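Participant: The file below is structure.cif, mmCIF, C-alpha atoms:
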```cif
data_final
loop_
_atom_site.group_PDB
_atom_site.id
_atom_site.type_symbol
_atom_site.label_atom_id
_atom_site.label_comp_id
_atom_site.auth_asym_id
_atom_site.auth_seq_id
_atom_site.Cartn_x
_atom_site.Cartn_y
_atom_site.Cartn_z
ATOM 1 C CA MET K 1 -9.404 14.842 6.576
ATOM 2 C CA THR K 2 -6.815 14.744 9.341
ATOM 3 C CA ARG K 3 -6.040 15.927 12.848
ATOM 4 C CA TYR K 4 -3.341 18.183 11.384
ATOM 5 C CA PRO K 5 -4.364 20.812 8.828
ATOM 6 C CA ALA K 6 -3.073 20.081 5.351
ATOM 7 C CA PRO K 7 -1.309 22.906 3.555
ATOM 8 C CA GLU K 8 -2.907 24.564 0.583
ATOM 9 C CA LEU K 9 -1.653 23.360 -2.783
ATOM 10 C CA LYS K 10 -0.530 26.895 -3.670
ATOM 11 C CA ASP K 11 1.681 27.014 -0.542
ATOM 12 C CA LEU K 12 3.646 23.837 -1.300
ATOM 13 C CA PRO K 13 7.238 23.861 -2.565
ATOM 14 C CA ASP K 14 7.324 23.643 -6.358
ATOM 15 C CA ASP K 15 8.574 20.037 -6.561
ATOM 16 C CA ILE K 16 5.853 18.778 -4.234
ATOM 17 C CA ARG K 17 3.116 20.846 -5.860
ATOM 18 C CA LEU K 18 4.081 19.519 -9.315
ATOM 19 C CA ARG K 19 4.010 15.901 -8.106
ATOM 20 C CA VAL K 20 0.615 16.420 -6.460
ATOM 21 C CA LEU K 21 -0.738 17.955 -9.666
ATOM 22 C CA GLU K 22 0.574 14.967 -11.677
ATOM 23 C CA VAL K 23 -1.206 12.584 -9.336
ATOM 24 C CA GLN K 24 -4.382 14.664 -9.512
ATOM 25 C CA GLU K 25 -4.330 14.604 -13.308
ATOM 26 C CA LYS K 26 -3.847 10.837 -13.412
ATOM 27 C CA ALA K 27 -6.305 9.908 -10.632
ATOM 28 C CA GLY K 28 -8.847 12.689 -11.047
ATOM 29 C CA PHE K 29 -8.404 13.724 -7.393
ATOM 30 C CA VAL K 30 -5.637 14.292 -4.846
ATOM 31 C CA PRO K 31 -5.259 11.362 -2.442
ATOM 32 C CA ASN K 32 -5.309 12.800 1.070
ATOM 33 C CA VAL K 33 -1.915 11.317 1.956
ATOM 34 C CA PHE K 34 -0.194 13.650 -0.507
ATOM 35 C CA LEU K 35 -1.450 16.771 1.239
ATOM 36 C CA ALA K 36 -1.476 15.441 4.800
ATOM 37 C CA LEU K 37 2.241 14.608 4.693
ATOM 38 C CA ALA K 38 3.171 17.769 2.754
ATOM 39 C CA ARG K 39 3.006 19.808 5.965
ATOM 40 C CA ARG K 40 6.605 18.644 6.445
ATOM 41 C CA PRO K 41 8.266 18.865 3.026
ATOM 42 C CA ALA K 42 11.540 17.089 3.882
ATOM 43 C CA GLU K 43 9.655 14.150 5.379
ATOM 44 C CA TRP K 44 7.237 14.126 2.403
ATOM 45 C CA ARG K 45 10.175 13.853 -0.009
ATOM 46 C CA ALA K 46 11.796 11.045 1.990
ATOM 47 C CA PHE K 47 8.495 9.173 2.347
ATOM 48 C CA PHE K 48 7.630 9.298 -1.347
ATOM 49 C CA ALA K 49 11.205 8.562 -2.446
ATOM 50 C CA TYR K 50 11.141 5.310 -0.445
ATOM 51 C CA HIS K 51 7.550 4.598 -1.513
ATOM 52 C CA ASP K 52 8.519 4.928 -5.173
ATOM 53 C CA ALA K 53 11.703 2.876 -4.705
ATOM 54 C CA LEU K 54 9.604 0.004 -3.346
ATOM 55 C CA MET K 55 6.406 0.256 -5.328
ATOM 56 C CA LEU K 56 7.527 1.373 -8.798
ATOM 57 C CA LYS K 57 10.683 -0.643 -9.457
ATOM 58 C CA GLU K 58 11.090 -3.781 -11.538
ATOM 59 C CA SER K 59 10.791 -6.758 -9.222
ATOM 60 C CA GLY K 60 9.715 -10.378 -8.927
ATOM 61 C CA LEU K 61 6.543 -8.953 -7.393
ATOM 62 C CA SER K 62 3.772 -7.651 -9.623
ATOM 63 C CA LYS K 63 2.109 -4.321 -8.900
ATOM 64 C CA GLY K 64 -0.904 -6.308 -7.732
ATOM 65 C CA ASP K 65 1.276 -8.390 -5.380
ATOM 66 C CA ARG K 66 2.666 -5.219 -3.816
ATOM 67 C CA GLU K 67 -0.779 -3.708 -3.291
ATOM 68 C CA MET K 68 -1.971 -7.025 -1.857
ATOM 69 C CA ILE K 69 0.833 -6.904 0.724
ATOM 70 C CA VAL K 70 -0.109 -3.341 1.643
ATOM 71 C CA THR K 71 -3.810 -4.167 1.921
ATOM 72 C CA ALA K 72 -3.346 -7.295 4.055
ATOM 73 C CA THR K 73 -0.765 -5.842 6.436
ATOM 74 C CA SER K 74 -2.619 -2.526 6.704
ATOM 75 C CA ALA K 75 -5.710 -4.477 7.749
ATOM 76 C CA ALA K 76 -3.639 -6.230 10.431
ATOM 77 C CA ASN K 77 -2.498 -2.780 11.582
ATOM 78 C CA LYS K 78 -6.106 -1.507 11.457
ATOM 79 C CA CYS K 79 -5.242 1.364 9.114
ATOM 80 C CA LEU K 80 -8.447 2.585 7.508
ATOM 81 C CA TYR K 81 -6.712 4.910 5.044
ATOM 82 C CA CYS K 82 -4.333 2.320 3.614
ATOM 83 C CA VAL K 83 -6.850 -0.537 3.484
ATOM 84 C CA ILE K 84 -9.291 1.601 1.504
ATOM 85 C CA ALA K 85 -6.761 3.421 -0.715
ATOM 86 C CA HIS K 86 -4.511 0.465 -1.499
ATOM 87 C CA GLY K 87 -7.466 -1.894 -1.673
ATOM 88 C CA ALA K 88 -8.806 0.276 -4.495
ATOM 89 C CA ILE K 89 -5.510 0.072 -6.349
ATOM 90 C CA LEU K 90 -5.373 -3.694 -5.723
ATOM 91 C CA ARG K 91 -8.826 -4.159 -7.287
ATOM 92 C CA ILE K 92 -7.682 -2.261 -10.364
ATOM 93 C CA TYR K 93 -4.369 -4.098 -10.804
ATOM 94 C CA GLU K 94 -5.854 -7.541 -10.225
ATOM 95 C CA LYS K 95 -9.070 -6.759 -12.156
ATOM 96 C CA LYS K 96 -11.021 -8.478 -9.378
ATOM 97 C CA PRO K 97 -13.676 -6.364 -7.641
ATOM 98 C CA LEU K 98 -13.843 -8.606 -4.539
ATOM 99 C CA VAL K 99 -10.165 -9.295 -3.889
ATOM 100 C CA ALA K 100 -9.350 -6.298 -1.671
ATOM 101 C CA ASP K 101 -12.234 -6.953 0.712
ATOM 102 C CA GLN K 102 -11.317 -10.637 0.895
ATOM 103 C CA VAL K 103 -7.625 -9.935 1.502
ATOM 104 C CA ALA K 104 -8.361 -7.292 4.136
ATOM 105 C CA VAL K 105 -10.726 -9.515 6.094
ATOM 106 C CA ASN K 106 -9.036 -12.922 5.745
ATOM 107 C CA TYR K 107 -6.450 -13.426 3.025
ATOM 108 C CA ARG K 108 -6.310 -17.164 3.823
ATOM 109 C CA LYS K 109 -9.824 -17.527 2.370
ATOM 110 C CA ALA K 110 -9.429 -14.977 -0.422
ATOM 111 C CA ASP K 111 -9.620 -15.830 -4.107
ATOM 112 C CA ILE K 112 -5.843 -15.592 -4.609
ATOM 113 C CA THR K 113 -3.150 -17.982 -5.820
ATOM 114 C CA ALA K 114 -1.159 -20.290 -3.555
ATOM 115 C CA ARG K 115 1.894 -18.168 -4.445
ATOM 116 C CA GLN K 116 0.155 -14.996 -3.267
ATOM 117 C CA ARG K 117 -0.981 -16.752 -0.084
ATOM 118 C CA ALA K 118 2.640 -17.751 0.667
ATOM 119 C CA MET K 119 3.708 -14.155 -0.005
ATOM 120 C CA LEU K 120 1.084 -12.849 2.429
ATOM 121 C CA ASP K 121 1.991 -15.479 5.051
ATOM 122 C CA PHE K 122 5.534 -14.084 4.956
ATOM 123 C CA ALA K 123 4.360 -10.456 4.952
ATOM 124 C CA MET K 124 2.062 -11.054 7.905
ATOM 125 C CA LYS K 125 4.871 -12.700 9.851
ATOM 126 C CA VAL K 126 7.081 -9.672 9.133
ATOM 127 C CA CYS K 127 4.179 -7.433 10.200
ATOM 128 C CA LEU K 128 3.289 -9.222 13.423
ATOM 129 C CA LYS K 129 6.244 -11.410 14.437
ATOM 130 C CA SER K 130 9.340 -10.261 12.560
ATOM 131 C CA ASP K 131 11.550 -11.482 15.396
ATOM 132 C CA GLU K 132 10.439 -15.044 14.598
ATOM 133 C CA ILE K 133 11.424 -15.047 10.900
ATOM 134 C CA GLY K 134 13.686 -17.997 10.171
ATOM 135 C CA ASP K 135 14.994 -20.239 7.428
ATOM 136 C CA ALA K 136 11.686 -22.113 7.136
ATOM 137 C CA ASP K 137 9.946 -18.870 6.181
ATOM 138 C CA PHE K 138 12.419 -18.264 3.353
ATOM 139 C CA GLN K 139 12.078 -21.893 2.239
ATOM 140 C CA ALA K 140 8.289 -21.508 2.037
ATOM 141 C CA LEU K 141 8.765 -18.526 -0.279
ATOM 142 C CA LEU K 142 11.375 -20.342 -2.357
ATOM 143 C CA ALA K 143 8.933 -23.235 -2.853
ATOM 144 C CA HIS K 144 6.616 -20.751 -4.590
ATOM 145 C CA GLY K 145 9.302 -19.258 -6.818
ATOM 146 C CA PHE K 146 10.255 -16.236 -4.736
ATOM 147 C CA SER K 147 13.933 -15.246 -4.543
ATOM 148 C CA ASP K 148 15.784 -13.811 -1.563
ATOM 149 C CA GLU K 149 15.442 -10.400 -3.244
ATOM 150 C CA ASP K 150 11.674 -10.911 -3.465
ATOM 151 C CA ALA K 151 11.643 -11.746 0.259
ATOM 152 C CA TRP K 152 13.493 -8.477 0.910
ATOM 153 C CA ASP K 153 10.892 -6.602 -1.161
ATOM 154 C CA ILE K 154 8.023 -8.240 0.722
ATOM 155 C CA ALA K 155 9.606 -7.334 4.055
ATOM 156 C CA ALA K 156 10.506 -3.785 2.999
ATOM 157 C CA ILE K 157 6.991 -3.076 1.695
ATOM 158 C CA THR K 158 5.503 -4.478 4.895
ATOM 159 C CA ALA K 159 7.829 -2.429 7.102
ATOM 160 C CA PHE K 160 7.434 0.787 5.120
ATOM 161 C CA PHE K 161 3.666 0.573 5.209
ATOM 162 C CA GLY K 162 3.822 -0.173 8.936
ATOM 163 C CA LEU K 163 5.226 3.360 9.211
ATOM 164 C CA SER K 164 2.600 4.679 6.811
ATOM 165 C CA ASN K 165 -0.199 2.918 8.715
ATOM 166 C CA ARG K 166 0.871 4.437 11.991
ATOM 167 C CA MET K 167 1.183 7.952 10.576
ATOM 168 C CA ALA K 168 -2.225 7.703 8.900
ATOM 169 C CA SER K 169 -3.907 6.299 12.001
ATOM 170 C CA PHE K 170 -2.434 8.644 14.583
ATOM 171 C CA SER K 171 -3.205 11.690 12.435
ATOM 172 C CA ASN K 172 -6.749 10.527 11.639
ATOM 173 C CA MET K 173 -6.046 10.609 7.901
ATOM 174 C CA LEU K 174 -9.262 9.561 6.188
ATOM 175 C CA PRO K 175 -9.539 7.956 2.764
ATOM 176 C CA ASN K 176 -10.905 10.032 -0.076
ATOM 177 C CA PRO K 177 -14.486 9.027 -0.961
ATOM 178 C CA GLU K 178 -13.337 8.280 -4.538
ATOM 179 C CA PHE K 179 -11.335 5.255 -3.349
ATOM 180 C CA TYR K 180 -14.409 3.355 -2.180
ATOM 181 C CA ALA K 181 -15.835 2.810 -5.673
ATOM 182 C CA MET K 182 -12.609 2.381 -7.642
ATOM 183 C CA GLY K 183 -12.219 -0.984 -9.322
ATOM 184 C CA ARG K 184 -15.586 -2.311 -8.153
ATOM 185 C CA VAL K 185 -17.466 -1.884 -11.411
ATOM 186 C CA ALA K 186 -16.278 -1.743 -14.998
ATOM 187 C CA LYS K 187 -15.897 1.750 -16.424
ATOM 188 C CA ALA K 188 -18.305 2.683 -19.200
ATOM 189 C CA LYS K 189 -16.520 2.811 -22.534
#
```
Have the structure of the file written as C-alpha cells, please.
Facilitator:
Amino acid sequence: MTRYPAPELKDLPDDIRLRVLEVQEKAGFVPNVFLALARRPAEWRAFFAYHDALMLKESGLSKGDREMIVTATSAANKCLYCVIAHGAILRIYEKKPLVADQVAVNYRKADITARQRAMLDFAMKVCLKSDEIGDADFQALLAHGFSDEDAWDIAAITAFFGLSNRMASFSNMLPNPEFYAMGRVAKAK
C-alpha cells in the first residue's frame, strides 16, 4: 500500500480508530489514506480537520465541484491515489460515469458546464502558476457566478490537495481496488 507501514487499526488512538471505523462502515472499506497518514496521529488530525473544513462545509461549490477540482489538479500533479480515489467520488456526486476520466485527462474537453470549466481554469492556474493570479482571473470567475469566497475555496482546495498529492506520491500510497469501479455502473436495486 505504501512505502511506510500503516499502523494496525487496533493500535490507533481511539478518536482516529472511531473515525476510520465510521468511514469503513459508510464506504464498505478503509481508504488507504486513512491508515497511511495515521502513523503520525497529530498530523492525521490536522490533515483531516482541514480536509473536512474545506470539503464538508456549506459553500458556493457543490460536492461534485470540489471533487472535480481535486481530480483535475491531482492529475496535473500526477497523483495516482487522488485521481483514482477522488475521481470515484466525483463520478458518484455528478452521476456521470465518464466525467472523472475526462477531467483527469483533459478537463477542457470534458462533458462539464462552462461554469465548471471556468472553475477548473482558475484551479489549474492556482496549481501550476499561482504567482500569476490576477484580477482577470477573479473576473473570469465572477462572470460565471462565483464569489470571492468561492475563489478562496477553489484555491484552498487546490493548495490543500497539492500537499495531499505530494504526500501520497512520495510515500507510494496506492488507491484501494474498490475505487476503480465506484460510480461507473449503476448499483443493482
Participant: Nearest to Phe179 in chain K: which of K:Arg117, K:Arg166, K:His86, K:Arg45 is it, counting all atoms listed in the file?
Facilitator: K:His86
Participant: On this file, the PyMOL selection byres ((chain K and resi 118-120) around 12) gives some set of residues; write that set as a ChimeraX atom specification.
Facilitator: /K:60-62,64-74,76,103-104,106-110,112-117,121-128,136-147,150-155,157-158
Participant: Check which residues satisfy the PyMOL selection byres ((chain K and resi 176) around 9) in the file shown, then give them as number ranges by chain.
Facilitator: K: 1, 29-32, 81, 84-85, 174-175, 177-180
Participant: Could you tell me which of K:Arg3, K:Lys129, K:Arg91, K:Lys63 comes closest to Ala181 in chain K if we count all atoms listed in the file?
Facilitator: K:Arg91
Participant: Between K:Gly183, K:Leu18, K:Phe48, K:Ser164, single out the one closest to Asp101 in chain K, counting only C-alpha atoms.
Facilitator: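 Selected residue with least distance to Asp101 in chain K: K:Gly183.
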Participant: So the first atom is CA of Pro13 in chain K and the second is CA of Ala38 in chain K; what is the distance between them in Å, to one decimal place?
Facilitator: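 Value for the CA of Pro13 in chain K-CA of Ala38 in chain K distance: 9.1 Å.
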Participant: Could you jot down the CA of Asp14 in chain K to CA of Arg40 in chain K separation for me, Å, one decimal place?
Facilitator: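 Straight-line distance from CA of Asp14 in chain K to CA of Arg40 in chain K works out to 13.8 Å.
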